[in-house]
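Asker: Here you go, one structure.
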Amino acid sequence: MLDCLWKARRKEREGEPAGDPKLYLQEALLERKLPELDMRQLVDLPHGLDYNEWLASHTLALFDHVNLVYGTVSEFCTAATCPDMTGPGGRSYAWYDERGKKSRVAAPQYVDYVMTYTQKTVNDETVFPTKYANEFPAQFEGVVRRVVRLLFHVVAHMYAAHFRELALLRLHAHLHLTFAHLTALDRRYALLDHKETDVLRDLEVALRLREPPSPRAAPRRARTAPAPAPPPRPRRPRPRRPPPPPRDGRRPSGTYIVNSIVNISIC
């Protein structure tokens, strides 16, 4: 596992291109905890359970896991090392406050905004009710969508900027499992836009969370109707030969009778 990390690091020091910058796609680093766990069964709504209650429990679990994994590499995520909040493929994320004002901030500041907003939201009894008599608000699913989208941004940044540190700490499998959980929840309940998740689509395939795209089949050529066959030529009937008169009043021989039958059948 460490060989690919040191090779990429050595190439960077020598000024050579490191090749594929997506280190998380290396075969030796694709392991994840609980590989036999079927994420689809994990996120399926149990019979008789409230839908909002189910979304709330998974949102809280994702928040705890993303916060925990990021905390292990937060010392490497500074305004100097991560001046922008970026994801794989050069994707850049801007922060929008509650009034919709857009601002560009460094990655650690962005993550702090995400964690502060999420913590405040899940602690709000009017949004995430914990008492029996309280009901979920009508816009609860919209709140969950925003929280999951922001947590996905943090996960994408860890893959783009801090996966090497996580691999050296042997914590990359935990990040893979968190990503698999988030992906399964999104695919089951359509919480994220496809434009958001495209940056890690190749990782979904590598972790076997999604089937690889099938190559486009070549367009079939239209079949032309075969030319009509010419009508069969009429066969001219062959004239039948009358049997020769018997000699001396005797019947024809047996050989002649067989030949006559064959000739008649051919005609």
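Numbering starts fresh at 1 for the residues of each chain in the structure tokens, the chains themselves are lettered A, B, ... in the order given, and ligands are numbered from 1 as they appear.
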List the spatial neighbours of Arg91 in chain A as number ranges by chain - criterion: any atom at most 12 Å away, only C-alpha atoms, same-chain residues fewer than 6 positions off excluded.
Answerer: A: 84-85, 153, 156-157, 159-161, 195-200
Asker: Taking the DSSP assignment computed from this structure's backbone, write out as a VMD selection string all residues of range 11-230 of chain A that belong to strand (DSSP E or B).
Answerer: chain A and resid 86 92 95 to 96 102 to 103
Asker: Residues of the last selection are to be written out with C-alpha atoms, as an mmCIF file, in the first residue's frame.
Answerer:
data_model
loop_
_atom_site.group_PDB
_atom_site.id
_atom_site.type_symbol
_atom_site.label_atom_id
_atom_site.label_comp_id
_atom_site.auth_asym_id
_atom_site.auth_seq_id
_atom_site.Cartn_x
_atom_site.Cartn_y
_atom_site.Cartn_z
ATOM 1 C CA THR A 86 -11.729 22.321 -3.737
ATOM 2 C CA SER A 92 -14.357 24.622 -6.388
ATOM 3 C CA TRP A 95 -20.089 29.235 0.672
ATOM 4 C CA TYR A 96 -23.625 30.639 0.699
ATOM 5 C CA LYS A 102 -21.811 33.973 -1.923
ATOM 6 C CA SER A 103 -18.242 34.092 -0.626
#
Asker: Would you list the contacts of range 119-136 of chain A as a ChimeraX atom specification, taking every protein, DNA or RNA residue within 12 Å and counting only C-alpha atoms, but skipping same-chain residues closer than 3 positions in sequence?
Answerer: /A:50-64,67,112-116,139-144,146-147,151
Asker: Looking at A:Phe152, A:His162, A:Gln41, A:Leu169, which one is nearest to His65 in chain A, with distances taken over only C-alpha atoms?
Answerer: A:Phe152
Asker: What separation in Å, quoted to one decimal, exists between CA of Arg187 in chain A and CA of Tyr110 in chain A?
Answerer: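 Calculated distance between CA of Arg187 in chain A and CA of Tyr110 in chain A is 25.5 Å.
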Asker: For each of A:Asp38, A:Asp97, A:Glu27, A:Glu75, take the minimum atom-to-atom distance to Leu177 in chain A, counting only C-alpha atoms, then give the residue where this is smallest.
Answerer: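 Counting only C-alpha atoms, the residue closest to Leu177 in chain A is A:Asp38.
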Asker: Just how far from CA of Leu191 in chain A is CA of Leu45 in chain A, in Å to one decimal?
Answerer: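 Between CA of Leu45 in chain A and CA of Leu191 in chain A the gap is 14.7 Å.
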Asker: As a PDB file with C-alpha atoms, in the first residue's frame, list the residues of range 28-206 of chain A assigned to helix (DSSP H, G or I) by DSSP on the backbone atoms of this structure.
Answerer:
ATOM      1  CA  ALA A  28      -4.036  -1.039  -3.114  1.00  0.00           C
ATOM      2  CA  LEU A  29      -6.000   1.819  -1.506  1.00  0.00           C
ATOM      3  CA  MET A  39     -25.292  -0.531   1.790  1.00  0.00           C
ATOM      4  CA  ARG A  40     -28.626  -0.801   0.026  1.00  0.00           C
ATOM      5  CA  GLN A  41     -30.014  -2.842   2.897  1.00  0.00           C
ATOM      6  CA  LEU A  42     -28.512  -0.381   5.346  1.00  0.00           C
ATOM      7  CA  VAL A  43     -30.472   2.574   3.962  1.00  0.00           C
ATOM      8  CA  TYR A  51     -39.602   8.429   6.631  1.00  0.00           C
ATOM      9  CA  ASN A  52     -38.404  11.678   8.237  1.00  0.00           C
ATOM     10  CA  GLU A  53     -37.248   9.827  11.334  1.00  0.00           C
ATOM     11  CA  TRP A  54     -35.204   7.502   9.120  1.00  0.00           C
ATOM     12  CA  LEU A  55     -33.597  10.407   7.233  1.00  0.00           C
ATOM     13  CA  ALA A  56     -32.794  12.152  10.499  1.00  0.00           C
ATOM     14  CA  SER A  57     -30.993   9.125  11.945  1.00  0.00           C
ATOM     15  CA  HIS A  58     -28.823   8.699   8.830  1.00  0.00           C
ATOM     16  CA  THR A  59     -28.061  12.423   8.653  1.00  0.00           C
ATOM     17  CA  LEU A  60     -26.844  12.407  12.247  1.00  0.00           C
ATOM     18  CA  ALA A  61     -24.672   9.346  11.585  1.00  0.00           C
ATOM     19  CA  LEU A  62     -23.116  10.923   8.487  1.00  0.00           C
ATOM     20  CA  PHE A  63     -22.419  14.140  10.352  1.00  0.00           C
ATOM     21  CA  ASP A  64     -20.643  12.283  13.145  1.00  0.00           C
ATOM     22  CA  HIS A  65     -18.556  10.176  10.747  1.00  0.00           C
ATOM     23  CA  VAL A  66     -17.514  13.038   8.450  1.00  0.00           C
ATOM     24  CA  ASN A  67     -16.634  15.203  11.436  1.00  0.00           C
ATOM     25  CA  LEU A  68     -14.608  12.380  12.975  1.00  0.00           C
ATOM     26  CA  VAL A  69     -12.635  11.543   9.814  1.00  0.00           C
ATOM     27  CA  TYR A  70     -11.907  15.184   9.013  1.00  0.00           C
ATOM     28  CA  GLY A  71     -10.716  15.763  12.563  1.00  0.00           C
ATOM     29  CA  THR A  72      -7.841  13.330  11.979  1.00  0.00           C
ATOM     30  CA  VAL A  73      -6.410  15.481   9.146  1.00  0.00           C
ATOM     31  CA  SER A  74      -7.590  18.936  10.209  1.00  0.00           C
ATOM     32  CA  GLU A  75      -4.044  19.933  11.208  1.00  0.00           C
ATOM     33  CA  PHE A  76      -2.967  19.447   7.579  1.00  0.00           C
ATOM     34  CA  PRO A  88     -11.464  16.310  -7.308  1.00  0.00           C
ATOM     35  CA  GLY A  89     -10.958  17.504 -10.850  1.00  0.00           C
ATOM     36  CA  GLY A  90     -10.462  21.125  -9.828  1.00  0.00           C
ATOM     37  CA  ALA A 107     -11.025  25.146   3.006  1.00  0.00           C
ATOM     38  CA  PRO A 108     -10.679  25.084   6.821  1.00  0.00           C
ATOM     39  CA  GLN A 109     -13.050  28.049   7.104  1.00  0.00           C
ATOM     40  CA  TYR A 110     -15.533  26.363   4.776  1.00  0.00           C
ATOM     41  CA  VAL A 111     -15.443  23.131   6.769  1.00  0.00           C
ATOM     42  CA  ASP A 112     -15.922  25.105   9.980  1.00  0.00           C
ATOM     43  CA  TYR A 113     -18.995  26.760   8.473  1.00  0.00           C
ATOM     44  CA  VAL A 114     -20.351  23.344   7.472  1.00  0.00           C
ATOM     45  CA  MET A 115     -19.848  21.793  10.882  1.00  0.00           C
ATOM     46  CA  THR A 116     -21.222  24.824  12.725  1.00  0.00           C
ATOM     47  CA  TYR A 117     -24.317  25.015  10.534  1.00  0.00           C
ATOM     48  CA  THR A 118     -24.961  21.268  10.786  1.00  0.00           C
ATOM     49  CA  GLN A 119     -24.472  21.186  14.552  1.00  0.00           C
ATOM     50  CA  LYS A 120     -26.842  24.119  14.978  1.00  0.00           C
ATOM     51  CA  THR A 121     -29.422  22.488  12.699  1.00  0.00           C
ATOM     52  CA  VAL A 122     -29.467  19.051  14.332  1.00  0.00           C
ATOM     53  CA  PHE A 140     -37.466  18.857   6.622  1.00  0.00           C
ATOM     54  CA  GLU A 141     -36.347  16.969   3.504  1.00  0.00           C
ATOM     55  CA  GLY A 142     -35.000  20.217   2.037  1.00  0.00           C
ATOM     56  CA  VAL A 143     -32.941  20.771   5.187  1.00  0.00           C
ATOM     57  CA  VAL A 144     -31.553  17.235   4.941  1.00  0.00           C
ATOM     58  CA  ARG A 145     -30.635  17.813   1.299  1.00  0.00           C
ATOM     59  CA  ARG A 146     -28.563  20.865   2.176  1.00  0.00           C
ATOM     60  CA  VAL A 147     -26.819  19.151   5.096  1.00  0.00           C
ATOM     61  CA  VAL A 148     -25.950  16.090   2.990  1.00  0.00           C
ATOM     62  CA  ARG A 149     -24.702  18.310   0.146  1.00  0.00           C
ATOM     63  CA  LEU A 150     -22.394  20.231   2.491  1.00  0.00           C
ATOM     64  CA  LEU A 151     -21.087  17.016   4.049  1.00  0.00           C
ATOM     65  CA  PHE A 152     -20.414  15.693   0.548  1.00  0.00           C
ATOM     66  CA  HIS A 153     -18.274  18.775  -0.140  1.00  0.00           C
ATOM     67  CA  VAL A 154     -16.149  17.977   2.914  1.00  0.00           C
ATOM     68  CA  VAL A 155     -15.763  14.353   1.799  1.00  0.00           C
ATOM     69  CA  ALA A 156     -14.799  15.467  -1.713  1.00  0.00           C
ATOM     70  CA  HIS A 157     -12.174  17.842  -0.297  1.00  0.00           C
ATOM     71  CA  MET A 158     -10.623  15.084   1.798  1.00  0.00           C
ATOM     72  CA  TYR A 159     -10.304  12.906  -1.302  1.00  0.00           C
ATOM     73  CA  ALA A 160      -8.796  15.733  -3.332  1.00  0.00           C
ATOM     74  CA  ALA A 161      -6.418  17.254  -0.787  1.00  0.00           C
ATOM     75  CA  PHE A 163      -6.175  11.366   1.003  1.00  0.00           C
ATOM     76  CA  ARG A 164      -2.408  10.812   1.243  1.00  0.00           C
ATOM     77  CA  GLU A 165      -2.440  11.742   4.942  1.00  0.00           C
ATOM     78  CA  LEU A 166      -5.428   9.483   5.570  1.00  0.00           C
ATOM     79  CA  ALA A 167      -3.687   6.604   3.801  1.00  0.00           C
ATOM     80  CA  LEU A 168      -0.492   7.105   5.804  1.00  0.00           C
ATOM     81  CA  HIS A 172      -8.594   5.746   4.238  1.00  0.00           C
ATOM     82  CA  ALA A 173     -10.881   2.726   4.641  1.00  0.00           C
ATOM     83  CA  HIS A 174     -13.008   4.713   7.084  1.00  0.00           C
ATOM     84  CA  LEU A 175     -13.346   7.511   4.544  1.00  0.00           C
ATOM     85  CA  HIS A 176     -14.361   4.976   1.886  1.00  0.00           C
ATOM     86  CA  LEU A 177     -17.036   3.560   4.179  1.00  0.00           C
ATOM     87  CA  THR A 178     -18.396   7.029   4.962  1.00  0.00           C
ATOM     88  CA  PHE A 179     -18.493   7.821   1.262  1.00  0.00           C
ATOM     89  CA  ALA A 180     -20.251   4.520   0.536  1.00  0.00           C
ATOM     90  CA  HIS A 181     -22.876   5.308   3.189  1.00  0.00           C
ATOM     91  CA  LEU A 182     -23.488   8.785   1.798  1.00  0.00           C
ATOM     92  CA  THR A 183     -23.660   7.483  -1.767  1.00  0.00           C
ATOM     93  CA  ALA A 184     -26.128   4.725  -0.900  1.00  0.00           C
ATOM     94  CA  LEU A 185     -28.377   7.181   0.943  1.00  0.00           C
ATOM     95  CA  ASP A 186     -28.315   9.570  -1.999  1.00  0.00           C
ATOM     96  CA  ARG A 187     -29.047   6.886  -4.588  1.00  0.00           C
ATOM     97  CA  ARG A 188     -31.926   5.512  -2.511  1.00  0.00           C
ATOM     98  CA  TYR A 189     -33.658   8.846  -1.801  1.00  0.00           C
ATOM     99  CA  HIS A 194     -25.988  14.581 -10.332  1.00  0.00           C
ATOM    100  CA  LYS A 195     -23.742  17.584 -10.979  1.00  0.00           C
ATOM    101  CA  GLU A 196     -22.603  17.427  -7.346  1.00  0.00           C
ATOM    102  CA  THR A 197     -21.667  13.754  -7.333  1.00  0.00           C
ATOM    103  CA  ASP A 198     -20.023  13.587 -10.769  1.00  0.00           C
ATOM    104  CA  VAL A 199     -16.628  14.480  -9.273  1.00  0.00           C
ATOM    105  CA  LEU A 200     -16.464  11.110  -7.470  1.00  0.00           C
ATOM    106  CA  ARG A 201     -18.312   8.978 -10.009  1.00  0.00           C
ATOM    107  CA  ASP A 202     -15.127   7.079 -10.875  1.00  0.00           C
ATOM    108  CA  LEU A 203     -14.653   6.210  -7.203  1.00  0.00           C
ATOM    109  CA  GLU A 204     -18.183   4.806  -7.049  1.00  0.00           C
ATOM    110  CA  VAL A 205     -17.259   2.431  -9.853  1.00  0.00           C
ATOM    111  CA  ALA A 206     -13.881   1.564  -8.296  1.00  0.00           C
TER     112      ALA A 206
END
